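K.L.:
My file is model.pdb. It has PDB, C-alpha atoms:
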ATOM      1  CA  MET A   1       0.000   0.000   0.000
ATOM      2  CA  ALA A   2       2.843   2.386   0.803
ATOM      3  CA  PHE A   3       4.387   1.811  -2.649
ATOM      4  CA  ILE A   4       1.163   2.941  -4.350
ATOM      5  CA  ASP A   5       1.098   6.055  -2.199
ATOM      6  CA  LYS A   6       4.637   6.963  -3.277
ATOM      7  CA  ILE A   7       3.744   6.708  -6.956
ATOM      8  CA  GLY A   8       0.566   8.751  -6.650
ATOM      9  CA  LEU A   9       2.156  11.379  -4.445
ATOM     10  CA  SER A  10       4.360  12.775  -7.222
ATOM     11  CA  GLU A  11       1.338  13.143  -9.513
ATOM     12  CA  LEU A  12      -0.526  14.918  -6.724
ATOM     13  CA  PHE A  13       2.336  17.392  -6.263
ATOM     14  CA  GLN A  14       2.589  17.994  -9.997
ATOM     15  CA  ALA A  15      -1.131  18.739 -10.331
ATOM     16  CA  SER A  16      -1.076  20.908  -7.192
ATOM     17  CA  PHE A  17       1.840  23.005  -8.434
ATOM     18  CA  LEU A  18       0.154  23.437 -11.806
ATOM     19  CA  ILE A  19      -3.024  24.687 -10.132
ATOM     20  CA  VAL A  20      -1.153  27.003  -7.762
ATOM     21  CA  THR A  21       0.938  28.574 -10.535
ATOM     22  CA  THR A  22      -2.133  29.128 -12.702
ATOM     23  CA  LEU A  23      -3.963  30.780  -9.813
ATOM     24  CA  LEU A  24      -0.983  33.025  -9.036
ATOM     25  CA  LEU A  25      -0.592  34.091 -12.657
ATOM     26  CA  ASN A  26      -4.305  34.826 -12.924
ATOM     27  CA  ASN A  27      -4.208  36.895  -9.735
ATOM     28  CA  TYR A  28      -1.259  38.924 -11.037
ATOM     29  CA  ALA A  29      -2.843  39.321 -14.486
ATOM     30  CA  ILE A  30      -6.198  40.542 -13.100
ATOM     31  CA  GLN A  31      -4.474  43.782 -12.099
ATOM     32  CA  TYR A  32      -4.027  44.607 -15.795
ATOM     33  CA  GLY A  33      -7.625  43.927 -16.812
ATOM     34  CA  ASP A  34      -9.943  41.227 -18.052
ATOM     35  CA  SER A  35      -8.475  41.156 -21.548
ATOM     36  CA  VAL A  36      -5.073  40.117 -20.167
ATOM     37  CA  VAL A  37      -6.623  37.237 -18.225
ATOM     38  CA  ALA A  38      -8.547  36.149 -21.325
ATOM     39  CA  ALA A  39      -5.404  36.348 -23.466
ATOM     40  CA  PHE A  40      -3.521  34.317 -20.869
ATOM     41  CA  GLY A  41      -6.226  31.647 -20.954
ATOM     42  CA  VAL A  42      -6.236  31.441 -24.745
ATOM     43  CA  THR A  43      -2.440  31.318 -24.905
ATOM     44  CA  LEU A  44      -2.325  28.603 -22.273
ATOM     45  CA  ARG A  45      -4.750  26.451 -24.270
ATOM     46  CA  ILE A  46      -2.765  26.938 -27.484
ATOM     47  CA  VAL A  47       0.431  25.881 -25.720
ATOM     48  CA  GLN A  48      -1.276  22.868 -24.153
ATOM     49  CA  VAL A  49      -2.468  21.358 -27.457
ATOM     50  CA  PRO A  50       0.929  19.982 -28.590
ATOM     51  CA  GLU A  51       1.843  19.211 -24.999
ATOM     52  CA  PHE A  52      -1.249  17.055 -24.502
ATOM     53  CA  LEU A  53      -0.803  15.347 -27.867
ATOM     54  CA  ALA A  54       2.769  14.361 -27.017
ATOM     55  CA  MET A  55       1.799  13.333 -23.502
ATOM     56  CA  GLY A  56      -1.051  11.160 -24.786
ATOM     57  CA  LEU A  57       1.189   9.541 -27.365
ATOM     58  CA  PHE A  58       3.927   8.666 -24.929
ATOM     59  CA  LEU A  59       1.633   7.662 -22.068
ATOM     60  CA  GLY A  60      -0.045   5.293 -24.511
ATOM     61  CA  LEU A  61       3.291   3.830 -25.604
ATOM     62  CA  ILE A  62       4.813   3.346 -22.156
ATOM     63  CA  PRO A  63       2.862   0.104 -21.465
ATOM     64  CA  LEU A  64       3.978  -1.260 -24.849
ATOM     65  CA  PHE A  65       7.611  -0.477 -24.062
ATOM     66  CA  ALA A  66       7.333  -1.953 -20.576
ATOM     67  CA  PHE A  67       5.699  -5.166 -21.793
ATOM     68  CA  ASN A  68       8.292  -5.726 -24.525
ATOM     69  CA  PHE A  69      11.188  -4.867 -22.240
ATOM     70  CA  ALA A  70       9.953  -7.179 -19.482
ATOM     71  CA  SER A  71       9.424 -10.080 -21.890
ATOM     72  CA  LYS A  72      12.855  -9.434 -23.459
ATOM     73  CA  ASN A  73      11.175  -9.236 -26.842
ATOM     74  CA  THR A  74      13.690  -7.059 -28.640
ATOM     75  CA  ALA A  75      12.151  -7.659 -32.062
ATOM     76  CA  ARG A  76       9.032  -5.727 -31.039
ATOM     77  CA  ASN A  77      10.817  -3.082 -29.016
ATOM     78  CA  TYR A  78       9.820   0.115 -30.794
ATOM     79  CA  PHE A  79      11.688   2.360 -28.393
ATOM     80  CA  HIS A  80      14.480   3.188 -30.837
ATOM     81  CA  CYS A  81      12.002   3.993 -33.611
ATOM     82  CA  VAL A  82       9.999   6.296 -31.369
ATOM     83  CA  CYS A  83      13.142   8.032 -30.135
ATOM     84  CA  LYS A  84      14.259   8.676 -33.702
ATOM     85  CA  PHE A  85      10.763   9.964 -34.555
ATOM     86  CA  GLY A  86      10.787  12.214 -31.495
ATOM     87  CA  LEU A  87      14.182  13.652 -32.396
ATOM     88  CA  CYS A  88      12.953  14.401 -35.925
ATOM     89  CA  ILE A  89      10.052  16.428 -34.516
TER      90      ILE A  89
END
Would you write the structure of this file as structure tokens?

P.N.:
Amino acid sequence: MAFIDKIGLSELFQASFLIVTTLLLNNYAIQYGDSVVAAFGVTLRIVQVPEFLAMGLFLGLIPLFAFNFASKNTARNYFHCVCKFGLCI
């Protein structure tokens, strides 16, 4: 049970820091007007689109890598191909 808590704790801290930084930036931006807060929100969403696409791709591939690595199936280990693809991007 303690091992599961250690894994989930880092995700909790990451989400908490993301929320706190967004709240602080919004509080500082509100001093300059509503249009600045709106622009910040739009910009944040534009930046998050490629971030979420990459995160979804790699979070979907991690179980495939782990399964092939654990079974020592090097013929199906796509890790090198994905790394080369990632470096090209």

K.L.:
What does the structure give for the distance between CA of Arg45 (chain A) and CA of Gln31 (chain A), in Å to one decimal?

P.N.:
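That distance, rounded to one decimal, is 21.2 Å.
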
K.L.:
What is the distance between CA of Leu18 (chain A) and CA of Phe40 (chain A), in Å to one decimal?

P.N.:
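Straight-line distance from CA of Leu18 (chain A) to CA of Phe40 (chain A) works out to 14.6 Å.
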
K.L.:
Which residues fall under the PyMOL selection byres ((chain A and resi 26) around 12) in this file, as a list in words?

P.N.:
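Applying the expression gives Ile19, Val20, Thr21, Thr22, Leu23, Leu24, Leu25, Asn27, Tyr28, Ala29, Ile30, Gln31, Tyr32, Gly33, Asp34, Ser35, Val36, Val37, Ala38, Ala39, Phe40, Gly41 and Leu44 of chain A.
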
K.L.:
Quick check, in Å to one decimal: how far apart do CA of Phe52 (chain A) and CA of Gly8 (chain A) lie?

P.N.:
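According to the coordinates, CA of Phe52 (chain A) and CA of Gly8 (chain A) are separated by 19.8 Å.
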